[in-house]
file my_file-v4.pdb (PDB, C-alpha atoms and all ligand atoms)
ATOM      1  CA  MET A 210      14.362   0.545  46.147
ATOM      2  CA  ALA A 211      17.584  -1.425  46.078
ATOM      3  CA  GLU A 212      19.031  -1.645  42.612
ATOM      4  CA  ALA A 213      21.508  -4.094  41.200
ATOM      5  CA  GLN A 214      25.190  -3.400  41.658
ATOM      6  CA  LEU A 215      26.896  -2.130  38.516
ATOM      7  CA  PRO A 216      29.522  -4.637  37.328
ATOM      8  CA  LYS A 217      33.064  -3.381  37.819
ATOM      9  CA  ARG A 218      34.810  -4.754  34.732
ATOM     10  CA  VAL A 219      32.821  -5.386  31.585
ATOM     11  CA  ASP A 220      33.460  -6.617  28.061
ATOM     12  CA  ALA A 221      32.610  -3.302  26.423
ATOM     13  CA  VAL A 222      32.885  -4.612  22.854
ATOM     14  CA  LYS A 223      30.349  -7.325  23.556
ATOM     15  CA  LEU A 224      28.016  -4.922  25.347
ATOM     16  CA  VAL A 225      28.125  -2.547  22.357
ATOM     17  CA  ASP A 226      27.331  -5.448  20.023
ATOM     18  CA  ASN A 227      24.325  -6.278  22.223
ATOM     19  CA  ASN A 228      23.168  -2.646  22.566
ATOM     20  CA  GLN A 229      23.232  -3.362  26.265
ATOM     21  CA  GLN A 230      21.594  -1.028  28.710
ATOM     22  CA  LEU A 231      22.631  -1.074  32.372
ATOM     23  CA  ASN A 232      20.666   0.597  35.147
ATOM     24  CA  ALA A 233      22.489  -0.092  38.373
ATOM     25  CA  ASP A 234      24.263   1.387  41.375
ATOM     26  CA  ILE A 235      27.829   1.568  42.598
ATOM     27  CA  ASP A 236      28.232   1.528  46.370
ATOM     28  CA  SER A 237      30.123   4.761  46.984
ATOM     29  CA  LYS A 238      32.261   3.014  49.627
ATOM     30  CA  ASN A 239      34.147   1.559  46.648
ATOM     31  CA  LEU A 240      34.924   4.948  45.131
ATOM     32  CA  THR A 241      37.865   6.119  47.226
ATOM     33  CA  ARG A 242      38.847   9.030  44.977
ATOM     34  CA  LEU A 243      35.317  10.416  45.306
ATOM     35  CA  LEU A 244      35.338   9.903  49.077
ATOM     36  CA  ASP A 245      38.638  11.816  49.264
ATOM     37  CA  ALA A 246      37.132  14.734  47.336
ATOM     38  CA  VAL A 247      34.066  15.224  49.549
ATOM     39  CA  VAL A 248      33.189  15.148  53.246
ATOM     40  CA  HIS A 249      30.791  12.194  52.865
ATOM     41  CA  CYS A 250      29.048  10.348  50.132
ATOM     42  CA  ASN A 251      26.581   8.013  51.798
ATOM     43  CA  GLU A 252      24.426   7.453  48.750
ATOM     44  CA  PRO A 253      25.237   5.025  45.987
ATOM     45  CA  VAL A 254      26.043   6.387  42.551
ATOM     46  CA  HIS A 255      23.012   5.602  40.382
ATOM     47  CA  CYS A 256      24.007   4.865  36.791
ATOM     48  CA  GLU A 257      21.972   4.621  33.599
ATOM     49  CA  ILE A 258      24.261   3.497  30.823
ATOM     50  CA  GLN A 259      23.659   2.616  27.192
ATOM     51  CA  PHE A 260      26.260   0.822  25.082
ATOM     52  CA  GLU A 261      25.739   1.359  21.348
ATOM     53  CA  ARG A 262      27.235   2.518  18.064
ATOM     54  CA  ASP A 263      26.579   5.917  16.541
ATOM     55  CA  GLN A 264      25.772   6.403  12.842
ATOM     56  CA  ASP A 265      29.513   6.425  12.059
ATOM     57  CA  LYS A 266      29.946   3.058  13.806
ATOM     58  CA  ASN A 267      31.858   4.556  16.718
ATOM     59  CA  ARG A 268      31.444   2.522  19.868
ATOM     60  CA  MET A 269      29.734   4.706  22.446
ATOM     61  CA  LEU A 270      28.883   4.717  26.111
ATOM     62  CA  THR A 271      26.169   7.273  26.824
ATOM     63  CA  GLY A 272      23.974   7.987  29.785
ATOM     64  CA  SER A 273      23.990   9.646  33.152
ATOM     65  CA  CYS A 274      24.927   9.059  36.740
ATOM     66  CA  ASN A 275      23.893  10.831  39.886
ATOM     67  CA  THR A 276      24.409  10.766  43.611
ATOM     68  CA  ASN A 277      24.347  13.057  46.620
ATOM     69  CA  VAL A 278      27.498  14.330  48.324
ATOM     70  CA  VAL A 279      28.289  16.415  51.392
ATOM     71  CA  MET A 280      30.906  19.106  50.784
ATOM     72  CA  ILE A 281      32.143  22.227  52.577
ATOM     73  CA  CYS A 282      30.268  25.420  51.759
ATOM     74  CA  GLN A 283      32.820  27.961  50.489
ATOM     75  CA  ARG A 284      30.874  30.815  52.079
ATOM     76  CA  CYS A 285      30.203  29.647  55.652
ATOM     77  CA  LEU A 286      32.539  26.598  55.805
ATOM     78  CA  GLY A 287      29.630  24.479  57.055
ATOM     79  CA  GLU A 288      28.609  21.193  55.498
ATOM     80  CA  VAL A 289      26.292  21.318  52.529
ATOM     81  CA  SER A 290      24.495  18.379  50.945
ATOM     82  CA  LEU A 291      24.465  18.606  47.149
ATOM     83  CA  PRO A 292      22.969  16.522  44.365
ATOM     84  CA  VAL A 293      25.501  15.726  41.642
ATOM     85  CA  THR A 294      24.479  14.656  38.156
ATOM     86  CA  SER A 295      26.626  13.925  35.142
ATOM     87  CA  ARG A 296      25.528  13.245  31.566
ATOM     88  CA  PHE A 297      28.113  11.777  29.269
ATOM     89  CA  GLN A 298      28.782  10.719  25.697
ATOM     90  CA  LEU A 299      31.944   8.669  25.655
ATOM     91  CA  GLY A 300      33.670   7.132  22.648
ATOM     92  CA  LEU A 301      35.218   3.722  23.348
ATOM     93  CA  VAL A 302      38.611   3.358  21.655
ATOM     94  CA  PHE A 303      41.598   1.004  21.704
ATOM     95  CA  ASP A 304      44.375   3.554  21.185
ATOM     96  CA  ASP A 305      45.259   7.215  20.735
ATOM     97  CA  ASP A 306      44.834   7.047  16.948
ATOM     98  CA  GLN A 307      41.216   5.992  17.331
ATOM     99  CA  ALA A 308      40.737   8.644  20.001
ATOM    100  CA  ARG A 309      41.893  11.361  17.594
ATOM    101  CA  GLN A 310      39.434  10.178  14.951
ATOM    102  CA  LEU A 311      36.423  10.499  17.216
ATOM    103  CA  PRO A 312      34.003  13.360  16.604
ATOM    104  CA  LYS A 313      34.388  16.154  19.140
ATOM    105  CA  ARG A 314      31.116  15.382  20.904
ATOM    106  CA  LEU A 315      32.540  12.035  22.088
ATOM    107  CA  GLU A 316      34.998  12.062  24.968
ATOM    108  CA  PRO A 317      37.487   9.214  24.407
ATOM    109  CA  VAL A 318      37.783   6.400  26.925
ATOM    110  CA  GLU A 319      40.396   3.743  26.303
ATOM    111  CA  LEU A 320      39.606   0.029  26.511
ATOM    112  CA  ASP A 321      42.290  -2.513  27.287
ATOM    113  CA  GLU A 322      43.526  -4.827  24.534
ATOM    114  CA  ASN A 323      40.722  -7.291  25.278
ATOM    115  CA  GLY A 324      38.005  -4.664  25.026
ATOM    116  CA  GLN A 325      37.504  -4.588  28.779
ATOM    117  CA  LEU A 326      36.464  -1.466  30.604
ATOM    118  CA  ASP A 327      36.480  -0.618  34.303
ATOM    119  CA  LEU A 328      33.034   0.947  34.610
ATOM    120  CA  TRP A 329      33.536   2.008  38.210
ATOM    121  CA  VAL A 330      36.570   4.091  37.283
ATOM    122  CA  VAL A 331      34.709   5.680  34.374
ATOM    123  CA  MET A 332      31.643   6.538  36.463
ATOM    124  CA  GLU A 333      33.791   7.826  39.330
ATOM    125  CA  ASP A 334      35.608  10.118  36.872
ATOM    126  CA  GLU A 335      32.253  11.455  35.694
ATOM    127  CA  VAL A 336      31.057  12.206  39.224
ATOM    128  CA  LEU A 337      34.376  13.877  40.088
ATOM    129  CA  LEU A 338      34.121  16.104  37.002
ATOM    130  CA  ALA A 339      30.567  17.054  37.955
ATOM    131  CA  LEU A 340      31.429  18.175  41.493
ATOM    132  CA  PRO A 341      30.978  21.932  41.906
ATOM    133  CA  ALA A 342      34.233  23.910  42.082
ATOM    134  CA  PHE A 343      32.682  26.265  44.658
ATOM    135  CA  PRO A 344      30.111  24.297  46.638
ATOM    136  CA  MET A 345      27.725  26.599  48.469
ATOM    137  CA  HIS A 346      24.430  26.487  50.290
ATOM    138  CA  THR A 347      21.449  27.877  48.469
ATOM    139  CA  HIS A 348      20.172  31.256  49.659
ATOM    140  CA  GLY A 349      18.419  31.017  52.968
ATOM    141  CA  GLU A 350      20.329  27.908  54.041
ATOM    142  CA  CYS A 351      23.779  29.404  54.465
ATOM    143  CA  GLN A 352      24.858  30.131  58.044
ATOM    144  CA  LEU A 353      26.900  33.115  56.936
ATOM    145  CA  GLU A 354      23.920  34.941  55.485
ATOM    146  CA  GLN A 355      22.228  34.897  58.882
ATOM    147  CA  THR A 356      25.173  36.421  60.741
ATOM    148  CA  GLU A 357      26.345  38.839  58.046
ATOM    149  CA  PRO A 358      25.415  42.425  58.882
ATOM    150  CA  GLU A 359      22.996  44.106  56.523
ATOM    151  CA  PRO A 360      24.789  46.177  53.882
ATOM    152  CA  ASP A 361      24.984  49.751  55.056
ATOM    153  CA  TYR A 362      22.983  51.411  52.306
ATOM    154  CA  THR A 363      21.208  54.656  53.026
ATOM    155  CA  ASP A 364      20.077  55.327  49.467
ATOM    156  CA  SER A 365      16.796  54.082  48.139
ATOM    157  CA  ASP A 366      16.607  50.647  46.587
ATOM    158  CA  GLU A 367      16.639  52.036  43.070
ATOM    159  CA  LYS A 368      20.131  53.406  43.427
ATOM    160  CA  ARG A 369      21.653  50.117  44.512
ATOM    161  CA  PRO A 370      23.688  48.470  41.799
ATOM    162  CA  ASN A 371      22.049  45.235  40.824
ATOM    163  CA  PRO A 372      24.827  42.602  40.910
ATOM    164  CA  PHE A 373      23.336  40.898  37.861
ATOM    165  CA  ASP A 374      23.482  44.134  35.872
ATOM    166  CA  VAL A 375      27.131  44.516  36.819
ATOM    167  CA  LEU A 376      27.804  40.963  35.661
ATOM    168  CA  ALA A 377      25.947  41.539  32.416
ATOM    169  CA  LYS A 378      28.063  44.612  31.711
ATOM    170  CA  LEU A 379      31.245  42.655  32.368
ATOM    171  CA  LYS A 380      30.163  39.947  29.953
ATOM    172  CA  GLN A 381      29.494  42.480  27.213
ATOM    173  CA  LYS A 382      33.114  43.623  27.232
TER     174      LYS A 382
HETATM  175 ZN    ZN B   1      27.004  28.057  53.649
END
call {"tool": "encode", "arguments": {"input": "my_file-v4.pdb", "output": "structure tokens", "more": "lines below"}}
Ligand SMILES: [Zn+2]
result
Amino acid sequence: MAEAQLPKRVDAVKLVDNNQQLNADIDSKNLTRLLDAVVHCNEPVHCEIQFERDQDKNRMLTGSCNTNVVMICQRCLGEVSLPVTSRFQLGLVFDDDQARQLPKRLEPVELDENGQLDLWVVMEDEVLLALPAFPMHTHGECQLEQTEPEPDYTDSDEKRPNPFDVLAKLKQK
């Protein structure tokens, strides 16, 4: 289903006053920083955004965005298609002083002097932050797993170190 295009620049102060909700898409062709970070992104970025104030009267932008990107699998160096989802709680501020006064759960985003916000930039930042640092195929889909020789174990299964046990021990230290 085709959704409305998310407006690029908005009057964030007015939208907060109206408790505005926006459910709309950004055509990923417009998000050049995202396109530079991945192999392809042919899907729009779907955004569900709520403008509101929290109980302390902080202006907030909360919601989520998601899309699908193609990246390079760090194991087999083949292309892998990955869903990317970001959930965010942003505090809308006019300057650094206001940013410092925000509660920790709100990530500050600065408005211009007229209260305008570039929503595309904000949503693109969120998608970029949500990209996996080590994109990989899931098990069974990775080319490398099919060509990798079987580990040369001669002992019974019980004697094999379970990689998750090793990790758990490391975490306990
Ligand atoms: Zn792979």
call {"tool": "atom_distance", "arguments": {"input": "my_file-v4.pdb", "atom1": "CA of Asp305 (chain A)", "atom2": "CA of Gln325 (chain A)"}}
result
16.3 Å
call {"tool": "axis_aligned_box", "arguments": {"input": "my_file-v4.pdb", "around": "region 340-353 of chain A", "padding_each_side": "4 Å", "output": "JSON"}}
result
{"center_x": 26.3, "center_y": 25.6, "center_z": 49.8, "size_x": 23.8, "size_y": 22.9, "size_z": 24.6}
call {"tool": "closest_residue", "arguments": {"input": "my_file-v4.pdb", "among": "A:Gly349, A:Gly324, A:Pro253, A:Pro312", "to": "ligand ZN 1 (chain B)", "atoms": "only C-alpha atoms and all ligand atoms"}}
result
A:Gly349
call {"tool": "atom_distance", "arguments": {"input": "my_file-v4.pdb", "atom1": "CA of Arg309 (chain A)", "atom2": "CA of Asp220 (chain A)"}}
result
22.4 Å
call {"tool": "residues_near_ligand", "arguments": {"input": "my_file-v4.pdb", "ligand": "ligand ZN 1 (chain B)", "cutoff": "7 Å", "atoms": "all atoms listed in the file", "output": "list in words"}}
result
Cys282, Gln283, Arg284, Cys285, Leu286, Gly287, Val289, Met345, His346, Glu350, Cys351, Gln352 and Leu353 of chain A
call {"tool": "closest_residue", "arguments": {"input": "my_file-v4.pdb", "among": "A:Asn267, A:Thr347, A:Thr294, A:Asn227", "to": "Arg314 (chain A)", "atoms": "only C-alpha atoms"}}
result
A:Asn267
call {"tool": "atom_distance", "arguments": {"input": "my_file-v4.pdb", "atom1": "CA of Gln214 (chain A)", "atom2": "CA of Asn232 (chain A)"}}
result
8.9 Å
call {"tool": "resolve_selection", "arguments": {"input": "my_file-v4.pdb", "expression": "the PyMOL selection byres (((chain A and resi 236) around 9) and not hetatm)", "output": "ChimeraX atom specification"}}
result
/A:214-215,234-235,237-240,251-255
call {"tool": "resolve_selection", "arguments": {"input": "my_file-v4.pdb", "expression": "the PyMOL selection byres (((chain A and resi 296) around 7) and not hetatm)", "output": "PyMOL selection string"}}
result
chain A and resi 272-274+294-295+297
call {"tool": "closest_residue", "arguments": {"input": "my_file-v4.pdb", "among": "A:Val331, A:Leu337, A:Val318, A:Leu301", "to": "Leu244 (chain A)", "atoms": "all atoms listed in the file"}}
result
A:Leu337
call {"tool": "closest_residue", "arguments": {"input": "my_file-v4.pdb", "among": "A:Met269, A:Ala213, A:Val219, A:Ala339", "to": "Asp327 (chain A)", "atoms": "all atoms listed in the file"}}
result
A:Val219
call {"tool": "closest_residue", "arguments": {"input": "my_file-v4.pdb", "among": "A:Leu320, A:Met280, A:Val222, A:Val248", "to": "Phe303 (chain A)", "atoms": "all atoms listed in the file"}}
result
A:Leu320
